[in-house]
Every structure is written in structure tokens, then in C-alpha cells.
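K.L.:
Take this structure first; my questions come after.
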Amino acid sequence: MFLRYLRQQREFGYPPLILGKSEEPLPGAMLFEDGRAEPGTATATAATTTSATPESAVAAPDSDGDESSAASLSELRDSVGDCRLCGLHEKRSKLVFGVGNENADLMFIGEGPGADEDRIGEPFVGKAGQLLDKILIAAGIKREDVYITNIVKCRPPGNRDPQPDEVATCNPVLKRQIELVKPRIICALGRFASQTLLKSNDGIGRLRGRWYDHGDIKLICTYHPSACLRNESYKRPVWNDFKMLRDEYRKIRSD
Ligand code: SF4
């Protein structure tokens, strides 16, 4: 069973997740109103690419060759079941596995479920999710075409950061999701997901605005939609990041 695999991963201390390094953030200002891009306000955005570190785990092969070989997302979800491998299960209402297109070219990865997600059992369905929907519409990306999940599948109490042991314990689920979906692009939403996926302590302001390569997967980071709800000055850089994302997504889908 996959749960046994998860236990083994936890016992042996699964390595942290992926990628590379960072650069300076770009200044920005408010851009979105009602999910539409404000004309004439775009600023230049760094478009360089940084290679991933080799220890990246996101797209790495499963060296243990164990039960993470679930053949589909539904099989993986069944295998995870009512997971209680880390302490986050204690206060969750629903395990939030992920949602979207099994063959998505684009995968969004957030930190963990919030209160609405915990209640409903689906990622990005609260106010932050509604803002993400608006950004996707503005970028011409259909939500039903992408796959959305989180670093950890159960809500951290009070929306605190997941602890390292919780991330490590849940990591095989995310890793297998990525292996199954095989996205061409990953967008990390927010500081925690970006730092975790890039294995970096840099702030999101330094991590965003550029591409990272890991094998065939291109990764970009941006502010979490919930941060935009708290501080509208983040909306401009988010839109700049989404324009980069949109352009790459269009390019990939036209190949
Ligand atoms: S966060 Fe992940 S490892 Fe922890 S209980 Fe939930 S599904 Fe299991």
C-alpha cells in the first residue's frame, strides 16, 4: 500500500523538494480590477532561466520503486485514503488531494488547504481561489485545463506553515502527482511552496519573475493569491509573472 511507502519515506527522512536559485524581484503596483489586466501598465519582467539543482525531487525518478507507482491519480487518491501519517490529520476536516486535468500541461502548487478548502475538500475554492480564477481568465487559461494541488494535503492549524516533517511525510504524494500528470510547467503559488520546491530560503520577492528548469519541467514562482488579497501591491508582479506563464503555456500548447 502507498501508506506503507509513505511511512518508509518518513522513517528514512525523505529529501527536501527541488530546484534552483533566485534573483531580484521587480517592483510592481496594482494591476487587477475584477480579474482584468489594466491596459498600459505592464513593466519588464526578468525572463532568464535558472537550472534546477540535481537533488531536485519533484520530477526525479522514484528510486525506491515502491507503491508510488499508482497508475492514475484516482488510484493514488485511493492509496492515500484517510492518511494519518503526520499530525496535520488531527485537525483537518477533509484531506485535500488535488483537482483538475490529469494530463495538464500546467500544474499549480500552493502551500496547503485553507479553511474553505478544508471544509469542501478541494484546493483553491475560497477567496484566494476565486482570485486565482480571475487571474486565469485574464491570462486566457482555463481552470479545467490545469491541475491544482498543495505541498501538504491537510490544513495546517491556523494556516501556519507546514512543519518540515509534515512536508517530508506528504512529499511522496506530491511527487507521484507530478509524475502522473507530467506537467510541462509548474507554478508555485506563494512563499512556502516556492521555497519548498526550490529548496531555498530566499523570499518570494526574490524567487519570482524568472524561470527555473528541472528536466522537462519549467517552474515559475509568484505570490499567493491570498497575499494579493491582503496587499494589492502584489497584484502587479503577479500579473507580470502570469504573463510569463501565459506566454510559455501558449508556446508549449502550440508545439
Ligand atoms: S498532510 Fe499529507 S502526510 Fe499529513 S496526514 Fe495529510 S495526507 Fe497524510
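Identifiers for the C-alpha cells are assigned positionally: chains receive A, B, ... in sequence, residues are indexed from 1 per chain, and ligands are indexed from 1 in the order shown.
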Considering only C-alpha atoms, return as a ChimeraX atom specification whatever protein or nucleic-acid residues lie within 6 Å of region 176-193 of chain A, sequence-local ones (same chain, fewer than 4 positions apart) excluded.
P.N.:
/A:102-111,197,204,217-224
K.L.:
Do you have, as JSON lines, the list of residues of chain A lying at most 7 Å from ligand 1, each with its nearest atom pair and that distance in Å to one decimal, counting only C-alpha atoms and all ligand atoms and ordered by chain then number?
P.N.:
```
{"residue": "A:Val80", "atom": "CA", "partner": "ligand 1", "partner_atom_place_in_ligand_line": "7 (S)", "distance": 6.7}
{"residue": "A:Cys83", "atom": "CA", "partner": "ligand 1", "partner_atom_place_in_ligand_line": "8 (Fe)", "distance": 4.3}
{"residue": "A:Arg84", "atom": "CA", "partner": "ligand 1", "partner_atom_place_in_ligand_line": "5 (S)", "distance": 4.2}
{"residue": "A:Leu85", "atom": "CA", "partner": "ligand 1", "partner_atom_place_in_ligand_line": "8 (Fe)", "distance": 4.7}
{"residue": "A:Cys86", "atom": "CA", "partner": "ligand 1", "partner_atom_place_in_ligand_line": "4 (Fe)", "distance": 4.0}
{"residue": "A:Gly87", "atom": "CA", "partner": "ligand 1", "partner_atom_place_in_ligand_line": "4 (Fe)", "distance": 6.2}
{"residue": "A:Leu88", "atom": "CA", "partner": "ligand 1", "partner_atom_place_in_ligand_line": "4 (Fe)", "distance": 5.1}
{"residue": "A:His89", "atom": "CA", "partner": "ligand 1", "partner_atom_place_in_ligand_line": "5 (S)", "distance": 4.2}
{"residue": "A:Leu95", "atom": "CA", "partner": "ligand 1", "partner_atom_place_in_ligand_line": "6 (Fe)", "distance": 6.2}
{"residue": "A:Val152", "atom": "CA", "partner": "ligand 1", "partner_atom_place_in_ligand_line": "1 (S)", "distance": 4.6}
{"residue": "A:Lys153", "atom": "CA", "partner": "ligand 1", "partner_atom_place_in_ligand_line": "1 (S)", "distance": 4.5}
{"residue": "A:Cys154", "atom": "CA", "partner": "ligand 1", "partner_atom_place_in_ligand_line": "6 (Fe)", "distance": 4.3}
{"residue": "A:Glu166", "atom": "CA", "partner": "ligand 1", "partner_atom_place_in_ligand_line": "4 (Fe)", "distance": 5.7}
{"residue": "A:Thr169", "atom": "CA", "partner": "ligand 1", "partner_atom_place_in_ligand_line": "3 (S)", "distance": 4.8}
{"residue": "A:Cys170", "atom": "CA", "partner": "ligand 1", "partner_atom_place_in_ligand_line": "3 (S)", "distance": 3.8}
```
K.L.:
Pick the closest to Ile148 (chain A) from A:Asp161, A:Gly100, A:Gln130, A:Asp118: which is it, counting only C-alpha atoms?
P.N.:
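Selected residue with least distance to Ile148 (chain A): A:Gly100.
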K.L.:
Could you produce a table of the residues of region 64-141 of chain A lying within 9 Å of region 225-240 of chain A, with the nearest pair of atoms per residue and their separation in Å rounded to one decimal, using only C-alpha atoms, ordered by chain and increasing residue number, as CSV?
P.N.:
```
residue,atom,partner,partner_atom,distance
A:Lys127,CA,A:Ser226,CA,7.5
A:Ala128,CA,A:Ser226,CA,4.8
A:Gly129,CA,A:Pro225,CA,7.2
A:Gln130,CA,A:Pro225,CA,8.8
A:Leu131,CA,A:Pro225,CA,6.3
A:Leu132,CA,A:Pro225,CA,6.2
A:Ile135,CA,A:Trp239,CA,7.6
A:Ala139,CA,A:Trp239,CA,8.6
```
K.L.:
Atoms to include: N, CA and C atoms. Write the selected residues as a tab-separated table (two decimals), in the first residue's frame.
P.N.:
```tsv
chain	number	residue	atom	x	y	z
A	127	LYS	N	-11.69	32.59	-1.20
A	127	LYS	CA	-11.47	33.89	-1.86
A	127	LYS	C	-10.18	33.91	-2.67
A	128	ALA	N	-9.15	33.27	-2.14
A	128	ALA	CA	-7.89	33.21	-2.89
A	128	ALA	C	-8.08	32.41	-4.18
A	129	GLY	N	-8.86	31.36	-4.09
A	129	GLY	CA	-9.13	30.56	-5.28
A	129	GLY	C	-9.94	31.34	-6.30
A	130	GLN	N	-10.86	32.16	-5.81
A	130	GLN	CA	-11.66	32.97	-6.73
A	130	GLN	C	-10.78	34.00	-7.44
A	131	LEU	N	-9.80	34.54	-6.71
A	131	LEU	CA	-8.87	35.47	-7.36
A	131	LEU	C	-8.01	34.71	-8.38
A	132	LEU	N	-7.59	33.51	-8.02
A	132	LEU	CA	-6.83	32.71	-8.98
A	132	LEU	C	-7.65	32.47	-10.24
A	135	ILE	N	-7.49	35.56	-12.34
A	135	ILE	CA	-6.18	35.72	-12.99
A	135	ILE	C	-6.08	34.76	-14.18
A	139	ALA	N	-5.60	35.66	-18.08
A	139	ALA	CA	-4.47	35.12	-18.85
A	139	ALA	C	-4.93	34.19	-19.97
```
K.L.:
Out of region 135-212 of chain A, which residues get alpha helix (DSSP H) from DSSP, as number ranges by chain?
P.N.:
A: 135-139, 164-181, 191-198, 204-207
K.L.:
Would you mind exporting N, CA and C atoms of the selected residues as an mmCIF file, in the first residue's frame?
P.N.:
```cif
data_model
loop_
_atom_site.group_PDB
_atom_site.id
_atom_site.type_symbol
_atom_site.label_atom_id
_atom_site.label_comp_id
_atom_site.auth_asym_id
_atom_site.auth_seq_id
_atom_site.Cartn_x
_atom_site.Cartn_y
_atom_site.Cartn_z
ATOM 1 N N ILE A 135 -7.488 35.561 -12.344
ATOM 2 C CA ILE A 135 -6.182 35.717 -12.991
ATOM 3 C C ILE A 135 -6.076 34.758 -14.178
ATOM 4 N N LEU A 136 -6.564 33.539 -13.977
ATOM 5 C CA LEU A 136 -6.525 32.556 -15.067
ATOM 6 C C LEU A 136 -7.360 33.043 -16.252
ATOM 7 N N ILE A 137 -8.523 33.582 -15.956
ATOM 8 C CA ILE A 137 -9.377 34.102 -17.034
ATOM 9 C C ILE A 137 -8.666 35.235 -17.760
ATOM 10 N N ALA A 138 -8.064 36.138 -16.990
ATOM 11 C CA ALA A 138 -7.348 37.265 -17.602
ATOM 12 C C ALA A 138 -6.195 36.785 -18.480
ATOM 13 N N ALA A 139 -5.600 35.661 -18.084
ATOM 14 C CA ALA A 139 -4.471 35.115 -18.846
ATOM 15 C C ALA A 139 -4.927 34.189 -19.966
ATOM 16 N N PRO A 164 8.635 20.916 8.715
ATOM 17 C CA PRO A 164 9.463 20.097 7.814
ATOM 18 C C PRO A 164 9.075 18.619 7.799
ATOM 19 N N ASP A 165 8.755 18.068 8.959
ATOM 20 C CA ASP A 165 8.402 16.639 8.982
ATOM 21 C C ASP A 165 7.066 16.397 8.271
ATOM 22 N N GLU A 166 6.180 17.373 8.336
ATOM 23 C CA GLU A 166 4.890 17.237 7.641
ATOM 24 C C GLU A 166 5.091 17.299 6.118
ATOM 25 N N VAL A 167 5.953 18.215 5.696
ATOM 26 C CA VAL A 167 6.256 18.317 4.266
ATOM 27 C C VAL A 167 6.915 17.036 3.774
ATOM 28 N N ALA A 168 7.878 16.552 4.556
ATOM 29 C CA ALA A 168 8.595 15.343 4.142
ATOM 30 C C ALA A 168 7.666 14.139 4.088
ATOM 31 N N THR A 169 6.761 14.053 5.045
ATOM 32 C CA THR A 169 5.854 12.906 5.088
ATOM 33 C C THR A 169 4.883 12.929 3.916
ATOM 34 N N CYS A 170 4.459 14.112 3.543
ATOM 35 C CA CYS A 170 3.469 14.238 2.473
ATOM 36 C C CYS A 170 4.113 14.295 1.084
ATOM 37 N N ASN A 171 5.393 14.517 1.047
ATOM 38 C CA ASN A 171 6.093 14.727 -0.214
ATOM 39 C C ASN A 171 5.875 13.632 -1.257
ATOM 40 N N PRO A 172 5.883 12.342 -0.877
ATOM 41 C CA PRO A 172 5.693 11.309 -1.907
ATOM 42 C C PRO A 172 4.365 11.421 -2.650
ATOM 43 N N VAL A 173 3.365 11.962 -2.000
ATOM 44 C CA VAL A 173 2.081 12.125 -2.684
ATOM 45 C C VAL A 173 2.219 13.169 -3.790
ATOM 46 N N LEU A 174 2.809 14.314 -3.446
ATOM 47 C CA LEU A 174 3.017 15.359 -4.446
ATOM 48 C C LEU A 174 3.921 14.864 -5.564
ATOM 49 N N LYS A 175 4.959 14.184 -5.176
ATOM 50 C CA LYS A 175 5.907 13.693 -6.180
ATOM 51 C C LYS A 175 5.205 12.781 -7.180
ATOM 52 N N ARG A 176 4.358 11.901 -6.678
ATOM 53 C CA ARG A 176 3.668 10.985 -7.582
ATOM 54 C C ARG A 176 2.618 11.719 -8.420
ATOM 55 N N GLN A 177 1.982 12.738 -7.823
ATOM 56 C CA GLN A 177 1.043 13.544 -8.610
ATOM 57 C C GLN A 177 1.753 14.150 -9.815
ATOM 58 N N ILE A 178 2.927 14.681 -9.583
ATOM 59 C CA ILE A 178 3.672 15.303 -10.674
ATOM 60 C C ILE A 178 4.082 14.261 -11.703
ATOM 61 N N GLU A 179 4.504 13.119 -11.220
ATOM 62 C CA GLU A 179 4.909 12.055 -12.152
ATOM 63 C C GLU A 179 3.731 11.604 -13.012
ATOM 64 N N LEU A 180 2.557 11.579 -12.434
ATOM 65 C CA LEU A 180 1.390 11.106 -13.177
ATOM 66 C C LEU A 180 0.856 12.166 -14.138
ATOM 67 N N VAL A 181 0.780 13.390 -13.678
ATOM 68 C CA VAL A 181 0.240 14.463 -14.531
ATOM 69 C C VAL A 181 1.244 14.828 -15.625
ATOM 70 N N ARG A 191 5.095 32.020 -0.982
ATOM 71 C CA ARG A 191 6.445 31.859 -0.430
ATOM 72 C C ARG A 191 6.750 30.420 -0.054
ATOM 73 N N PHE A 192 5.844 29.807 0.692
ATOM 74 C CA PHE A 192 6.182 28.488 1.236
ATOM 75 C C PHE A 192 6.359 27.455 0.125
ATOM 76 N N ALA A 193 5.406 27.429 -0.805
ATOM 77 C CA ALA A 193 5.519 26.455 -1.902
ATOM 78 C C ALA A 193 6.767 26.727 -2.726
ATOM 79 N N SER A 194 7.060 27.998 -2.972
ATOM 80 C CA SER A 194 8.236 28.342 -3.774
ATOM 81 C C SER A 194 9.515 27.928 -3.062
ATOM 82 N N GLN A 195 9.604 28.261 -1.782
ATOM 83 C CA GLN A 195 10.814 27.897 -1.042
ATOM 84 C C GLN A 195 10.973 26.383 -0.959
ATOM 85 N N THR A 196 9.857 25.698 -0.788
ATOM 86 C CA THR A 196 9.930 24.241 -0.671
ATOM 87 C C THR A 196 10.338 23.608 -1.991
ATOM 88 N N LEU A 197 9.712 24.029 -3.061
ATOM 89 C CA LEU A 197 10.009 23.425 -4.357
ATOM 90 C C LEU A 197 11.403 23.790 -4.848
ATOM 91 N N LEU A 198 11.847 24.984 -4.515
ATOM 92 C CA LEU A 198 13.173 25.426 -4.956
ATOM 93 C C LEU A 198 14.250 25.128 -3.932
ATOM 94 N N ILE A 204 9.902 35.204 -1.457
ATOM 95 C CA ILE A 204 9.182 35.066 -2.721
ATOM 96 C C ILE A 204 9.479 36.245 -3.653
ATOM 97 N N GLY A 205 9.741 37.420 -3.088
ATOM 98 C CA GLY A 205 10.072 38.574 -3.913
ATOM 99 C C GLY A 205 11.352 38.363 -4.712
ATOM 100 N N ARG A 206 12.236 37.542 -4.192
ATOM 101 C CA ARG A 206 13.476 37.228 -4.908
ATOM 102 C C ARG A 206 13.317 36.019 -5.819
ATOM 103 N N LEU A 207 12.399 35.146 -5.488
ATOM 104 C CA LEU A 207 12.262 33.908 -6.262
ATOM 105 C C LEU A 207 11.403 34.093 -7.510
#
```
K.L.:
Which residue out of A:Glu122, A:Asp82, A:Asp255, A:Glu117 has the minimum interatomic distance to Gly98 (chain A) when only C-alpha atoms are used?
P.N.:
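Going through A:Glu122, A:Asp82, A:Asp255, A:Glu117 one by one, the smallest distance to Gly98 (chain A) is for A:Glu122.
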K.L.:
Tell me which of A:Tyr147, A:Phe97, A:Phe242, A:Trp211 sits closest to Gly81 (chain A), counting only C-alpha atoms.
P.N.:
A:Phe97
K.L.:
Would you mind telling me which residue in A:Ser93, A:Arg155, A:Lys134, A:Ile141 lies nearest to Ile120 (chain A) when using only C-alpha atoms?
P.N.:
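Closest candidate: A:Ser93.
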K.L.:
Would you work out the distance separating CA of Ala115 (chain A) from CA of Gln163 (chain A), expressed in Å to one decimal?
P.N.:
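Separation between CA of Ala115 (chain A) and CA of Gln163 (chain A): 18.0 Å.
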K.L.:
Work out how far apart CA of Pro157 (chain A) and CA of Lys91 (chain A) are and give it in Å to one decimal.
P.N.:
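Taking CA of Pro157 (chain A) and CA of Lys91 (chain A), their separation equals 6.8 Å.
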